[in-house]
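Here the structure is laid out as structure tokens; the discussion comes afterwards.
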Amino acid sequence: MSVPSTSDPAATRPDLLGEKRPARFSQTETEVWIGLLETHKRLTRALNAELEAEHGLSLSALELLSRLSAAEDQVLRLSDLAERSGLSLSRVSRIVDTLEARGLVERRRCPDDRRARNASLTAAGASLLEAAQATHSAGAHARFFAQVEPAELDALAAVFGRLAPGAARSCT
């Protein structure tokens, strides 16, 4: 894919802060951007398929269980779970329905708001979460971390730390 050079000043546009930015990607930017998107897509598909096959969980379900596990008393309001996971409330509700049917979470009335619902992690959910996290971690190591040199990993950590500050802390 041939991409026009971004060195031409006429090929820039102001960004949200009013700073001039290239209107088109350079060849290197194209390789990085498409590489990032394609890597994410391939990893997500492979890790999701592995979790589904071994534990009957999607990556989204794993994330919801993980966020419940990390929450105070392992309970979160569904709307908070949606906000923290970046999923829509309707999607969270559908996933929680499935998890509840399997006995992995319980849905309860929110004591502070009778209209709202909380989800709480059950002992069975915590047990499955531990096994699924081990599978996920092993898959991520084999498919991603084993392919990246330590210096590259440090560089990626710096870049993602700048682009999504605090994101890793929100998952632990």
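Residue numbering restarts at 1 for every chain of the structure tokens, chains are lettered A, B, ... in their displayed order, and ligands are numbered from 1 as they appear.
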- Would you list the contacts of Thr135 in chain A as a PyMOL selection string, taking every protein, DNA or RNA residue within 9 Å and counting only C-alpha atoms, but skipping same-chain residues closer than 5 positions in sequence? chain A and resi 47+50-51+54-55+130+140
- Selection: 8 Å around Leu81 in chain A, only C-alpha atoms, excl. self and same-chain fewer than 2 positions, as a list in words: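 Surrounding residues, per the criterion: Leu64, Arg67, Leu68, Leu76, Arg77, Leu78, Ser79, Glu83, Arg84, Ser85 and Val92 of chain A.
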- Query: as JSON, numbers by chain, which residues of range 11-166 of chain A does DSSP assign to strand (DSSP E)?
  - Reply: {"A": [12, 13, 14, 20, 21, 22, 75, 76, 77, 105, 106, 107, 108, 109, 110, 113, 114, 115, 116, 117, 118, 119, 120, 121]}
- Every residue of chain A that DSSP places in helix (DSSP H, G or I), as a VMD selection string: chain A and resid 9 to 11 27 to 55 59 to 70 72 to 74 78 to 85 89 to 101 123 to 143 145 to 147 150 to 163 169 to 171
Emit the selected residues as a tab-separated table (two decimals), in the first residue's frame, including C-alpha atoms.
```tsv
chain	number	residue	atom	x	y	z
A	9	PRO	CA	2.82	21.22	4.79
A	10	ALA	CA	-0.37	21.32	2.70
A	11	ALA	CA	-1.00	17.71	3.72
A	27	GLN	CA	4.63	4.47	5.18
A	28	THR	CA	5.98	3.83	8.68
A	29	GLU	CA	2.80	5.15	10.30
A	30	THR	CA	0.75	2.89	8.03
A	31	GLU	CA	2.83	-0.14	8.99
A	32	VAL	CA	2.53	0.68	12.70
A	33	TRP	CA	-1.18	1.50	12.61
A	34	ILE	CA	-2.26	-1.46	10.48
A	35	GLY	CA	0.13	-3.71	12.41
A	36	LEU	CA	-1.42	-2.62	15.71
A	37	LEU	CA	-4.97	-3.18	14.47
A	38	GLU	CA	-4.18	-6.52	12.83
A	39	THR	CA	-2.22	-7.77	15.84
A	40	HIS	CA	-5.07	-6.82	18.16
A	41	LYS	CA	-7.60	-8.54	15.89
A	42	ARG	CA	-5.58	-11.76	15.59
A	43	LEU	CA	-4.74	-11.92	19.30
A	44	THR	CA	-8.32	-11.21	20.31
A	45	ARG	CA	-9.68	-13.91	18.02
A	46	ALA	CA	-7.17	-16.53	19.16
A	47	LEU	CA	-7.45	-15.74	22.88
A	48	ASN	CA	-11.24	-15.57	22.69
A	49	ALA	CA	-11.44	-18.94	20.90
A	50	GLU	CA	-9.15	-20.52	23.47
A	51	LEU	CA	-11.19	-19.18	26.41
A	52	GLU	CA	-14.45	-20.28	24.80
A	53	ALA	CA	-13.11	-23.79	24.13
A	54	GLU	CA	-11.57	-24.34	27.55
A	55	HIS	CA	-13.91	-22.40	29.86
A	59	LEU	CA	-12.86	-12.23	26.59
A	60	SER	CA	-15.63	-9.79	27.53
A	61	ALA	CA	-17.03	-12.22	30.12
A	62	LEU	CA	-13.52	-12.76	31.49
A	63	GLU	CA	-13.10	-9.00	31.83
A	64	LEU	CA	-16.40	-8.64	33.70
A	65	LEU	CA	-15.49	-11.47	36.08
A	66	SER	CA	-12.04	-9.90	36.60
A	67	ARG	CA	-13.52	-6.49	37.37
A	68	LEU	CA	-16.00	-8.01	39.81
A	69	SER	CA	-13.17	-9.90	41.50
A	70	ALA	CA	-11.17	-6.68	41.93
A	72	GLU	CA	-14.87	-4.04	46.89
A	73	ASP	CA	-16.78	-7.06	48.22
A	74	GLN	CA	-16.68	-8.41	44.64
A	78	LEU	CA	-24.16	-3.07	36.35
A	79	SER	CA	-23.80	0.50	35.09
A	80	ASP	CA	-20.40	0.79	36.82
A	81	LEU	CA	-19.35	-2.55	35.34
A	82	ALA	CA	-20.32	-1.23	31.90
A	83	GLU	CA	-18.41	2.01	32.40
A	84	ARG	CA	-15.26	0.30	33.68
A	85	SER	CA	-15.24	-2.30	30.91
A	89	LEU	CA	-25.01	-1.54	29.54
A	90	SER	CA	-27.15	-3.81	27.35
A	91	ARG	CA	-24.12	-5.93	26.43
A	92	VAL	CA	-23.05	-6.17	30.07
A	93	SER	CA	-26.58	-7.17	31.01
A	94	ARG	CA	-26.61	-9.95	28.37
A	95	ILE	CA	-23.22	-11.27	29.49
A	96	VAL	CA	-24.29	-11.14	33.15
A	97	ASP	CA	-27.46	-13.08	32.21
A	98	THR	CA	-25.26	-15.85	30.79
A	99	LEU	CA	-22.86	-15.79	33.75
A	100	GLU	CA	-25.78	-15.83	36.19
A	101	ALA	CA	-27.35	-18.85	34.44
A	123	ALA	CA	-17.42	-18.79	44.66
A	124	ALA	CA	-17.92	-20.76	41.44
A	125	GLY	CA	-17.23	-17.60	39.45
A	126	ALA	CA	-14.04	-16.92	41.40
A	127	SER	CA	-12.87	-20.48	40.83
A	128	LEU	CA	-13.54	-20.38	37.09
A	129	LEU	CA	-11.97	-16.93	36.88
A	130	GLU	CA	-8.72	-18.23	38.35
A	131	ALA	CA	-8.53	-21.05	35.79
A	132	ALA	CA	-9.55	-18.79	32.90
A	133	GLN	CA	-6.99	-16.14	33.86
A	134	ALA	CA	-4.27	-18.80	33.82
A	135	THR	CA	-5.36	-19.87	30.33
A	136	HIS	CA	-5.52	-16.26	29.16
A	137	SER	CA	-2.12	-15.42	30.61
A	138	ALA	CA	-0.49	-18.49	29.03
A	139	GLY	CA	-2.08	-17.66	25.67
A	140	ALA	CA	-0.99	-14.02	25.81
A	141	HIS	CA	2.55	-15.03	26.71
A	142	ALA	CA	2.78	-17.59	23.91
A	143	ARG	CA	1.15	-15.44	21.23
A	145	PHE	CA	5.08	-11.63	24.89
A	146	ALA	CA	7.27	-14.46	23.60
A	147	GLN	CA	7.43	-12.62	20.25
A	150	PRO	CA	12.46	-6.93	26.41
A	151	ALA	CA	13.50	-3.54	25.00
A	152	GLU	CA	10.47	-3.55	22.69
A	153	LEU	CA	8.24	-4.42	25.61
A	154	ASP	CA	9.64	-1.47	27.58
A	155	ALA	CA	9.01	0.81	24.59
A	156	LEU	CA	5.44	-0.46	24.22
A	157	ALA	CA	4.82	0.03	27.95
A	158	ALA	CA	6.02	3.63	27.65
A	159	VAL	CA	3.86	4.33	24.59
A	160	PHE	CA	0.71	2.73	26.00
A	161	GLY	CA	1.33	4.36	29.39
A	162	ARG	CA	1.28	7.71	27.63
A	163	LEU	CA	-1.73	6.94	25.41
A	169	ARG	CA	-3.87	-0.19	37.10
A	170	SER	CA	-7.62	-0.27	36.45
A	171	CYS	CA	-7.39	-4.01	35.69
```
- Compare A:Ala168, A:Phe144, A:Arg102, A:Ala71 by their minimum atom-to-atom distance to Ser120 in chain A, counting only C-alpha atoms, and give me the closest one.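 Comparing A:Ala168, A:Phe144, A:Arg102, A:Ala71 against Ser120 in chain A, the winner is A:Ala71.
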- Separation of CA of Ser58 in chain A from CA of Gly103 in chain A, in Å and rounded to one decimal: 15.9 Å
